[in-house]
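query_25.csv follows (CSV, C-alpha atoms):
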chain,number,residue,atom,x,y,z
A,14,MET,CA,-8.4,-30.7,-12.3
A,15,ASN,CA,-12.1,-29.6,-12.1
A,16,ASN,CA,-11.1,-26.2,-10.7
A,17,SER,CA,-8.6,-25.3,-13.3
A,18,GLU,CA,-10.2,-22.0,-14.2
A,19,LEU,CA,-10.6,-21.0,-10.5
A,20,TYR,CA,-7.0,-22.1,-9.9
A,21,ASN,CA,-5.7,-19.9,-12.8
A,22,TYR,CA,-7.9,-17.0,-11.7
A,23,THR,CA,-6.6,-17.1,-8.2
A,24,LEU,CA,-3.0,-17.5,-9.4
A,25,ARG,CA,-3.4,-14.3,-11.5
A,26,LEU,CA,-4.6,-12.4,-8.5
A,27,ALA,CA,-1.8,-13.8,-6.3
A,28,ASP,CA,0.9,-13.0,-9.0
A,29,ASN,CA,-0.3,-9.4,-9.2
A,30,ALA,CA,0.1,-9.0,-5.5
A,31,LEU,CA,3.4,-10.8,-5.2
A,32,ILE,CA,5.1,-9.0,-8.0
A,33,LEU,CA,3.9,-5.6,-7.0
A,34,GLY,CA,4.9,-6.4,-3.4
A,35,GLN,CA,8.4,-7.4,-4.6
A,36,ARG,CA,8.8,-4.3,-6.6
A,37,LEU,CA,7.9,-2.1,-3.6
A,38,SER,CA,10.1,-4.1,-1.3
A,39,GLU,CA,13.1,-3.4,-3.6
A,40,LEU,CA,12.7,0.2,-2.4
A,41,CYS,CA,13.4,-0.7,1.2
A,42,SER,CA,16.0,1.7,2.5
A,43,LYS,CA,16.0,3.6,-0.8
A,44,GLY,CA,12.9,5.8,-0.1
A,45,PRO,CA,13.1,9.6,-0.6
A,46,PHE,CA,13.0,10.0,3.2
A,47,LEU,CA,12.5,7.8,6.2
A,48,GLU,CA,8.7,8.1,6.6
A,49,GLU,CA,8.0,7.4,2.9
A,50,ASP,CA,10.4,4.5,2.9
A,51,LEU,CA,8.4,3.0,5.7
A,52,ALA,CA,5.1,3.7,4.0
A,53,GLN,CA,6.2,2.0,0.8
A,54,THR,CA,7.5,-1.1,2.6
A,55,ASN,CA,4.3,-1.2,4.6
A,56,ILE,CA,2.4,-1.3,1.3
A,57,ALA,CA,4.8,-4.0,0.1
A,58,LEU,CA,3.9,-6.1,3.1
A,59,ASP,CA,0.2,-5.6,2.5
A,60,TYR,CA,0.7,-7.1,-1.0
A,61,ILE,CA,2.9,-10.0,0.2
A,62,GLY,CA,0.3,-10.9,2.8
A,63,ARG,CA,-2.4,-10.8,0.2
A,64,ALA,CA,-0.3,-13.0,-2.1
A,65,GLN,CA,0.2,-15.5,0.7
A,66,SER,CA,-3.6,-16.0,1.3
A,67,LEU,CA,-4.2,-16.3,-2.5
A,68,TYR,CA,-1.3,-18.7,-3.1
A,69,ASN,CA,-2.5,-20.8,-0.2
A,70,TYR,CA,-5.9,-21.0,-1.7
A,71,ALA,CA,-4.4,-21.7,-5.2
A,72,ALA,CA,-2.3,-24.5,-3.7
A,73,GLN,CA,-5.5,-26.1,-2.3
A,74,LEU,CA,-7.2,-25.8,-5.6
A,75,SER,CA,-4.3,-27.3,-7.6
A,76,GLY,CA,-5.2,-30.8,-6.3
A,77,LYS,CA,-1.5,-31.5,-5.9
A,78,PRO,CA,0.6,-31.4,-2.7
A,79,LEU,CA,1.9,-27.9,-3.6
A,80,SER,CA,2.9,-25.4,-1.0
A,81,GLU,CA,2.3,-21.6,-1.3
A,82,ASP,CA,6.1,-21.1,-1.5
A,83,GLU,CA,6.4,-23.5,-4.5
A,84,LEU,CA,3.8,-21.4,-6.3
A,85,ALA,CA,5.4,-18.1,-5.3
A,86,TYR,CA,9.1,-19.0,-5.8
A,87,ARG,CA,9.6,-21.9,-8.1
A,88,ARG,CA,7.7,-21.3,-11.3
A,89,ALA,CA,9.3,-20.3,-14.6
A,90,GLU,CA,9.0,-16.8,-15.9
A,91,ASN,CA,6.2,-17.6,-18.4
A,92,ASN,CA,4.2,-19.3,-15.7
A,93,TYR,CA,3.6,-16.1,-13.9
A,94,TYR,CA,0.3,-14.4,-14.9
A,95,ASN,CA,0.6,-10.9,-13.4
A,96,VAL,CA,-0.2,-7.8,-15.5
A,97,LEU,CA,2.7,-6.0,-17.0
A,98,LEU,CA,2.1,-2.8,-15.0
A,99,VAL,CA,3.1,-4.3,-11.7
A,100,GLU,CA,6.5,-5.6,-13.0
A,101,GLN,CA,7.6,-2.2,-14.3
A,102,PRO,CA,10.7,-0.9,-12.6
A,103,ASP,CA,11.1,2.0,-10.2
A,104,GLU,CA,12.8,4.4,-12.6
A,105,ASP,CA,12.2,7.2,-10.1
A,106,PHE,CA,9.8,8.0,-7.3
A,107,ALA,CA,7.2,9.4,-9.8
A,108,HIS,CA,7.2,6.0,-11.6
A,109,THR,CA,6.6,4.2,-8.3
A,110,ILE,CA,3.7,6.6,-7.6
A,111,ALA,CA,2.2,6.4,-11.1
A,112,ARG,CA,2.3,2.6,-11.1
A,113,GLN,CA,0.7,2.5,-7.6
A,114,PHE,CA,-2.0,5.0,-8.5
A,115,PHE,CA,-3.0,3.3,-11.8
A,116,TYR,CA,-3.0,0.0,-10.1
A,117,SER,CA,-4.8,1.1,-6.9
A,118,VAL,CA,-7.7,2.8,-8.7
A,119,ALA,CA,-8.4,-0.5,-10.6
A,120,ASP,CA,-7.7,-2.6,-7.5
A,121,CYS,CA,-10.3,-0.8,-5.4
A,122,LEU,CA,-12.9,-1.2,-8.1
A,123,PHE,CA,-11.9,-4.9,-8.5
A,124,TYR,CA,-11.8,-6.0,-4.8
A,125,ALA,CA,-15.0,-4.0,-3.9
A,126,GLU,CA,-16.7,-6.2,-6.5
A,127,LEU,CA,-14.9,-9.4,-5.4
A,128,THR,CA,-16.4,-9.1,-1.9
A,129,LYS,CA,-19.7,-10.1,-3.5
A,130,SER,CA,-18.2,-13.2,-5.1
A,131,LYS,CA,-20.1,-16.5,-4.7
A,132,ASN,CA,-16.8,-18.1,-3.9
A,133,GLU,CA,-16.6,-17.6,-0.1
A,134,THR,CA,-12.8,-17.8,0.2
A,135,LEU,CA,-12.2,-15.2,-2.5
A,136,ALA,CA,-15.0,-13.0,-1.0
A,137,SER,CA,-13.5,-13.2,2.5
A,138,ILE,CA,-10.0,-12.4,1.2
A,139,ALA,CA,-11.5,-9.5,-0.7
A,140,LYS,CA,-13.1,-8.1,2.4
A,141,LYS,CA,-9.8,-7.9,4.1
A,142,VAL,CA,-7.9,-6.6,1.1
A,143,ILE,CA,-10.3,-3.8,0.2
A,144,LYS,CA,-9.4,-1.9,3.3
A,145,GLU,CA,-5.7,-2.0,2.4
A,146,SER,CA,-6.5,-1.1,-1.2
A,147,LYS,CA,-8.3,2.0,-0.2
A,148,TYR,CA,-5.4,3.2,1.9
A,149,HIS,CA,-3.0,2.5,-1.0
A,150,LEU,CA,-5.2,4.6,-3.3
A,151,ASN,CA,-5.3,7.4,-0.8
A,152,HIS,CA,-1.6,7.4,-0.4
A,153,SER,CA,-0.8,7.3,-4.1
A,154,SER,CA,-3.4,9.8,-5.2
A,155,ASP,CA,-2.2,12.3,-2.7
A,156,TRP,CA,1.3,11.9,-4.1
A,157,VAL,CA,0.1,12.3,-7.6
A,158,LYS,CA,-1.5,15.6,-6.6
A,159,ARG,CA,1.5,16.7,-4.7
A,160,LEU,CA,4.0,16.0,-7.4
A,161,GLY,CA,1.8,17.1,-10.3
A,162,GLY,CA,1.0,20.4,-8.5
A,163,GLY,CA,4.4,20.8,-6.9
A,164,THR,CA,7.4,22.3,-8.6
A,165,GLU,CA,8.1,22.5,-12.3
A,166,LEU,CA,10.5,19.6,-12.0
A,167,SER,CA,8.2,17.4,-10.0
A,168,HIS,CA,5.4,18.1,-12.4
A,169,GLU,CA,7.6,17.1,-15.3
A,170,LYS,CA,8.7,13.9,-13.7
A,171,MET,CA,5.2,13.0,-12.7
A,172,GLN,CA,3.9,13.6,-16.2
A,173,ASN,CA,6.7,11.6,-17.7
A,174,ALA,CA,6.0,8.6,-15.5
A,175,VAL,CA,2.3,8.8,-16.4
A,176,ASN,CA,3.1,8.9,-20.1
A,177,ALA,CA,5.6,6.0,-19.7
A,178,LEU,CA,3.2,3.7,-17.8
A,179,TRP,CA,0.0,4.6,-19.6
A,180,MET,CA,0.3,1.8,-22.2
A,181,TYR,CA,0.1,-0.8,-19.4
A,182,THR,CA,-3.2,0.3,-18.1
A,183,ASP,CA,-5.6,-1.4,-20.5
A,184,GLU,CA,-4.5,-4.8,-19.5
A,185,LEU,CA,-6.0,-4.2,-16.0
A,186,PHE,CA,-9.4,-4.5,-17.6
A,187,GLU,CA,-8.9,-7.5,-19.9
A,188,ILE,CA,-10.9,-10.6,-19.5
A,189,ASP,CA,-10.6,-13.9,-21.3
A,190,ASP,CA,-12.3,-17.3,-21.3
A,191,ILE,CA,-11.3,-18.1,-17.8
A,192,GLU,CA,-13.0,-14.9,-16.5
A,193,HIS,CA,-16.0,-15.3,-18.8
A,194,LYS,CA,-16.8,-18.7,-17.4
A,195,LEU,CA,-16.2,-17.6,-13.8
A,196,ILE,CA,-18.3,-14.4,-14.2
A,197,LYS,CA,-21.2,-16.6,-15.4
A,198,GLU,CA,-20.9,-18.6,-12.1
A,199,GLY,CA,-20.9,-15.4,-10.1
A,200,VAL,CA,-17.3,-16.0,-8.9
A,201,ALA,CA,-15.2,-13.6,-10.9
A,202,VAL,CA,-15.3,-9.9,-11.3
A,203,ASN,CA,-16.1,-8.5,-14.8
A,204,SER,CA,-13.3,-5.9,-14.7
A,205,SER,CA,-13.9,-4.9,-18.4
A,206,ASN,CA,-16.8,-2.9,-16.9
A,207,HIS,CA,-14.4,-0.9,-14.8
A,208,LYS,CA,-12.5,0.8,-17.6
A,209,SER,CA,-14.7,3.9,-17.8
A,210,LEU,CA,-15.0,4.2,-14.0
A,211,TRP,CA,-11.2,4.0,-13.8
A,212,LEU,CA,-10.6,6.6,-16.5
A,213,ALA,CA,-13.1,9.0,-14.8
A,214,GLU,CA,-11.4,8.6,-11.5
A,215,VAL,CA,-7.9,9.0,-12.9
A,216,THR,CA,-9.0,12.1,-14.9
A,217,GLU,CA,-10.5,13.6,-11.8
A,218,VAL,CA,-7.2,13.3,-9.9
A,219,PHE,CA,-5.2,14.5,-12.9
A,220,LYS,CA,-7.3,17.6,-13.1
A,221,GLU,CA,-6.5,18.4,-9.5
A,222,ALA,CA,-2.9,17.6,-10.1
A,223,GLY,CA,-2.7,19.7,-13.3
A,224,LEU,CA,-1.6,16.6,-15.3
A,225,SER,CA,-2.8,15.6,-18.7
A,226,VAL,CA,-4.3,12.3,-19.7
A,227,PRO,CA,-2.0,10.8,-22.3
A,228,GLU,CA,-3.4,10.7,-25.8
A,229,ASN,CA,-1.4,7.7,-26.7
A,230,ASN,CA,-3.7,4.8,-27.4
A,231,PHE,CA,-1.1,2.1,-28.0
A,232,MET,CA,-1.5,-0.5,-25.3
A,233,MET,CA,0.8,-3.4,-24.3
A,234,THR,CA,-0.6,-6.7,-23.1
A,235,GLY,CA,0.6,-10.2,-22.5
A,236,GLY,CA,1.4,-10.6,-18.8
A,237,ARG,CA,-1.8,-12.4,-18.0
A,238,SER,CA,-0.8,-15.1,-20.5
A,239,GLY,CA,2.8,-15.3,-19.3
A,240,ASN,CA,4.5,-13.0,-21.8
A,241,HIS,CA,6.4,-10.5,-19.8
A,242,SER,CA,8.6,-7.5,-20.3
A,243,GLU,CA,12.4,-7.7,-20.3
A,244,HIS,CA,12.4,-6.5,-16.7
A,245,PHE,CA,10.6,-9.5,-15.3
A,246,GLY,CA,13.5,-12.0,-15.5
A,247,HIS,CA,15.7,-9.7,-13.4
A,248,LEU,CA,12.9,-9.3,-10.8
A,249,LEU,CA,12.4,-13.1,-10.6
A,250,SER,CA,16.1,-13.8,-10.3
A,251,GLU,CA,16.2,-11.8,-7.1
A,252,LEU,CA,12.8,-12.9,-5.9
A,253,GLN,CA,13.5,-16.6,-6.4
A,254,TYR,CA,17.2,-16.7,-5.4
A,255,LEU,CA,16.8,-18.0,-1.9
A,256,GLN,CA,14.3,-20.7,-2.7
A,257,ARG,CA,16.4,-21.8,-5.7
A,258,ALA,CA,19.7,-21.9,-3.8
A,259,TYR,CA,18.2,-23.4,-0.6
A,260,PRO,CA,15.0,-25.2,-1.5
A,261,ASP,CA,12.6,-25.4,1.4
A,262,ALA,CA,14.6,-23.0,3.5
A,263,THR,CA,12.7,-21.8,6.6
A,264,TRP,CA,13.4,-19.2,9.2
B,3,MET,CA,29.0,26.4,2.5
B,4,SER,CA,25.5,26.8,3.7
B,5,ILE,CA,23.5,23.7,4.8
B,6,VAL,CA,20.3,23.2,2.9
B,7,ASN,CA,17.5,21.8,4.9
B,8,ASP,CA,15.9,19.2,2.6
B,9,GLN,CA,13.8,17.6,5.3
B,10,LEU,CA,10.1,18.2,5.4
B,11,GLU,CA,8.4,20.0,8.3
B,12,VAL,CA,8.2,18.2,11.6
B,13,TRP,CA,4.8,17.2,13.1
B,14,GLU,CA,4.1,15.8,16.6
B,15,VAL,CA,2.0,12.6,16.7
B,16,PHE,CA,-0.5,11.8,19.4
B,17,ILE,CA,-2.2,8.4,19.5
B,18,GLN,CA,-5.3,7.3,21.3
B,19,SER,CA,-5.1,3.7,22.1
B,20,LYS,CA,-8.7,3.2,23.0
B,21,SER,CA,-11.8,5.3,22.8
B,22,GLY,CA,-12.2,7.4,25.9
B,23,LEU,CA,-8.5,7.5,26.8
B,24,PRO,CA,-6.4,10.6,26.2
B,25,HIS,CA,-4.3,11.0,23.1
B,26,ILE,CA,-0.7,10.4,24.2
B,27,HIS,CA,2.4,11.8,22.5
B,28,ALA,CA,4.0,9.0,20.5
B,29,GLY,CA,6.8,10.8,18.6
B,30,SER,CA,7.2,12.9,15.5
B,31,VAL,CA,7.2,12.6,11.7
B,32,HIS,CA,8.3,14.5,8.7
B,33,ALA,CA,5.7,15.6,6.3
B,34,SER,CA,4.9,18.3,3.8
B,35,ASP,CA,1.2,18.6,4.6
B,36,ILE,CA,-1.4,17.4,7.0
B,37,GLU,CA,-2.6,14.4,4.9
B,38,MET,CA,1.0,13.2,4.6
B,39,ALA,CA,1.5,13.8,8.3
B,40,LEU,CA,-1.5,11.6,9.2
B,41,GLN,CA,-0.5,8.9,6.8
B,42,ASN,CA,3.1,8.8,8.0
B,43,ALA,CA,2.0,8.8,11.6
B,44,ARG,CA,-0.3,5.9,10.8
B,45,ASP,CA,2.5,3.9,9.0
B,46,ILE,CA,5.0,4.5,11.8
B,47,TYR,CA,3.0,4.4,15.0
B,48,THR,CA,-0.2,2.4,14.5
B,49,ARG,CA,0.7,-0.6,12.3
B,50,ARG,CA,0.5,-3.0,15.1
B,51,GLY,CA,-2.8,-2.1,16.5
B,52,GLU,CA,-1.5,0.6,18.8
B,53,GLY,CA,-4.3,3.1,18.2
B,54,THR,CA,-7.8,4.0,17.2
B,55,SER,CA,-7.3,7.7,16.6
B,56,ILE,CA,-4.4,9.9,15.6
B,57,TRP,CA,-3.7,13.6,16.1
B,58,VAL,CA,-0.9,15.4,14.3
B,59,VAL,CA,0.2,18.9,15.2
B,60,PRO,CA,2.9,21.0,13.6
B,61,THR,CA,5.8,21.1,16.0
B,62,THR,CA,6.0,24.9,15.6
B,63,ALA,CA,2.5,25.1,17.1
B,64,ILE,CA,3.6,23.7,20.4
B,65,SER,CA,4.9,26.1,23.1
B,66,ALA,CA,7.1,24.7,25.8
B,67,SER,CA,7.8,25.9,29.2
B,68,ASN,CA,11.3,27.1,29.9
B,69,PRO,CA,13.4,24.6,32.0
B,70,LEU,CA,14.9,27.6,33.8
B,71,ASP,CA,11.4,28.4,35.1
B,72,ASN,CA,11.0,25.0,36.7
B,73,ASP,CA,11.5,26.2,40.2
B,74,MET,CA,8.9,28.9,39.8
B,75,LEU,CA,6.4,26.7,38.0
B,76,PHE,CA,6.6,23.3,39.6
B,77,ASP,CA,8.2,23.5,43.1
B,78,PRO,CA,5.4,25.3,44.9
B,79,SER,CA,3.1,22.3,44.7
B,80,ASN,CA,5.5,19.9,46.4
B,81,ASP,CA,4.7,20.7,50.0
B,82,LYS,CA,1.0,21.0,49.8
B,83,MET,CA,-0.3,17.5,50.2
B,84,TYR,CA,-3.9,18.7,50.3
B,85,ARG,CA,-3.7,19.3,46.6
B,86,LEU,CA,-3.4,15.6,46.0
B,87,PRO,CA,-6.7,13.9,45.8
B,88,THR,CA,-5.6,10.9,47.8
B,89,PHE,CA,-8.3,11.4,50.4
B,90,TYR,CA,-11.1,10.3,48.1
B,91,LEU,CA,-12.4,6.8,47.7
B,92,MET,CA,-12.3,5.7,44.1
B,93,PRO,CA,-15.8,5.1,42.6
B,94,GLU,CA,-16.2,1.4,41.8
B,95,GLY,CA,-15.5,0.5,38.2
B,96,ALA,CA,-13.7,3.8,37.4
B,97,LYS,CA,-10.5,2.9,35.7
B,98,HIS,CA,-9.2,6.0,34.1
B,99,ILE,CA,-9.1,8.7,36.8
If you took the structure in this file and wrote it as structure tokens, what would it be?
Amino acid sequence: MNNSELYNYTLRLADNALILGQRLSELCSKGPFLEEDLAQTNIALDYIGRAQSLYNYAAQLSGKPLSEDELAYRRAENNYYNVLLVEQPDEDFAHTIARQFFYSVADCLFYAELTKSKNETLASIAKKVIKESKYHLNHSSDWVKRLGGGTELSHEKMQNAVNALWMYTDELFEIDDIEHKLIKEGVAVNSSNHKSLWLAEVTEVFKEAGLSVPENNFMMTGGRSGNHSEHFGHLLSELQYLQRAYPDATW
Amino acid sequence: MSIVNDQLEVWEVFIQSKSGLPHIHAGSVHASDIEMALQNARDIYTRRGEGTSIWVVPTTAISASNPLDNDMLFDPSNDKMYRLPTFYLMPEGAKHI
């Protein structure tokens, strides 16, 4: 395949979207109150829509007669390349918000840049996605401020979630040979440049929320090369159940 | 046992479907602050292209007329046809009068 880097790159973007969408959709009917339940599932649908466009493109690039569903639902665990952050479970609402906030700050920086990609398909997907990303960022950063600056208990829960998920944030800015090559071609985004911008933005919101930036510098990585956390298998078993039990099932 | 109200405040939502048209009452949402009220209204009432503008108003800010006053307030207009602007020709092209 001539396009193997582009294929892998697109697959990574798609996997991030699908897995975060899956995590958020698990919250359906379990939100803290009706309106927030709807908000979270709306966001889940944004990610699943995004994943669909990206898998569709990846399937075309694969050079095989693959469908987007086969890519989304029938790969083995170590053939998914999403970052570890998006697969982390919803321990409580603060975890959901911290995960979303960390991801959305990086996501906005990333997709704003991807709109300028020389690859027209990725650029046009990015133009659509960036509007959604901005909303996700608004929604999650408002909640970080509310919970951080709310009651003693909400502050404690928010800070705990931030501390727990902090070690998954470095992976958002990793790049490897695949990206290096595509960055040279003007196709990929050099997300390693975004680390300091991300930290500045997160720090700004934390300041307003009265939260402290964790001093822990230990960082986990591996999702982008298929090494996932123990939560991932459980997530996949639910995600893939229908397609495994009834291959090619349609509505 | 006292009942604890753990719901957030109620806000009334008004949606404008197109620029130039009035904002029309769409329903209500729960929210703790104005930003949340706007976001919840957006997520519940405008996800299928229903609107281009949203207003949210705390429900407590709305005063309602008393249904017992209906006779006094609304009946007197019923027998005065001259109050209804049915004698005018509609200007051509005016859609929203």
* What is the CA of Ser204 (chain A) to CA of Phe186 (chain A) distance in Å? -> 5.1 Å
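Atom to atom, CA of Ile64 (chain B) and CA of Val31 (chain B) stand 14.6 Å apart.
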* To do: Just give me the gap between CA of Ser205 (chain A) and CA of Tyr22 (chain A) in Å, one decimal is fine.
  => 15.1 Å
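The closest residue to Asn21 (chain A), picked from A:Gln65, A:Thr54, A:Asn92, A:Thr134 and counting only C-alpha atoms, is A:Asn92.
Take the candidates A:Asp103, A:Glu243, A:Asp59, A:Glu187 and check each one against chain B using all atoms listed in the file; the shortest distance goes to A:Asp59.
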* Asked: Within 7 Å of His32 (chain B), counting only C-alpha atoms, which residues qualify if same-chain residues fewer than 6 places away don't, as a list in words?
  -> Glu48 of chain A; Leu10, Glu11, Val12, Trp13 and Ala39 of chain B
* Asked: Which chain A residues are at most 7 Å from chain B (counting only C-alpha atoms), as a VMD selection string?
  -> chain A and resid 48 51 to 52 55
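Closest to Ser30 (chain B) among B:Asn7, B:Ser55, B:Gln18, B:Thr61 is B:Thr61, based on all atoms listed in the file.
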* Extract, using only C-alpha atoms, all DNA, RNA and protein residues at most 9 Å from Ser242 (chain A), discarding same-chain residues fewer than 4 positions from it, and format them as a list in words. => Leu97, Glu100, Gln101, Gly235, Gly236 and Gly246 of chain A
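Proximity to Asn206 (chain A) was assessed for A:Leu135, A:His108, A:Lys141, A:Asp183 counting only C-alpha atoms; the smallest distance is recorded for A:Asp183.
Within 12 Å of the point (-15.5, -12.9, -16.1), counting only C-alpha atoms, the protein and nucleic acid residues come to Glu18, Leu19, Tyr22, Phe123, Glu126, Leu127, Ser130, Phe186, Glu187, Ile188, Asp189, Asp190, Ile191, Glu192, His193, Lys194, Leu195, Ile196, Lys197, Glu198, Gly199, Val200, Ala201, Val202, Asn203, Ser204, Ser205 and Asn206 of chain A.
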* Asked: Which neighbours of Gly44 (chain A) fall inside 12 Å, counting all atoms listed in the file, when residues of the same chain fewer than 3 positions from it are skipped, and could you give them as a VMD selection string?
  -> chain A and resid 37 to 41 47 to 54 103 105 to 107 109 to 110
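Every protein, DNA or RNA residue with an atom at most 8 Å from region 158-172 of chain A, where all atoms listed in the file count and chain neighbours fewer than 5 positions away do not, is listed here: A:Ala107, A:His108, A:Ala111, A:Val218, A:Phe219, A:Glu221, A:Ala222, A:Gly223, A:Leu224, A:Ser225.
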* Which of these residues is nearest to Phe115 (chain A), using only C-alpha atoms: A:Lys208, A:Ser250, A:Ala139, A:Leu74? -> A:Lys208
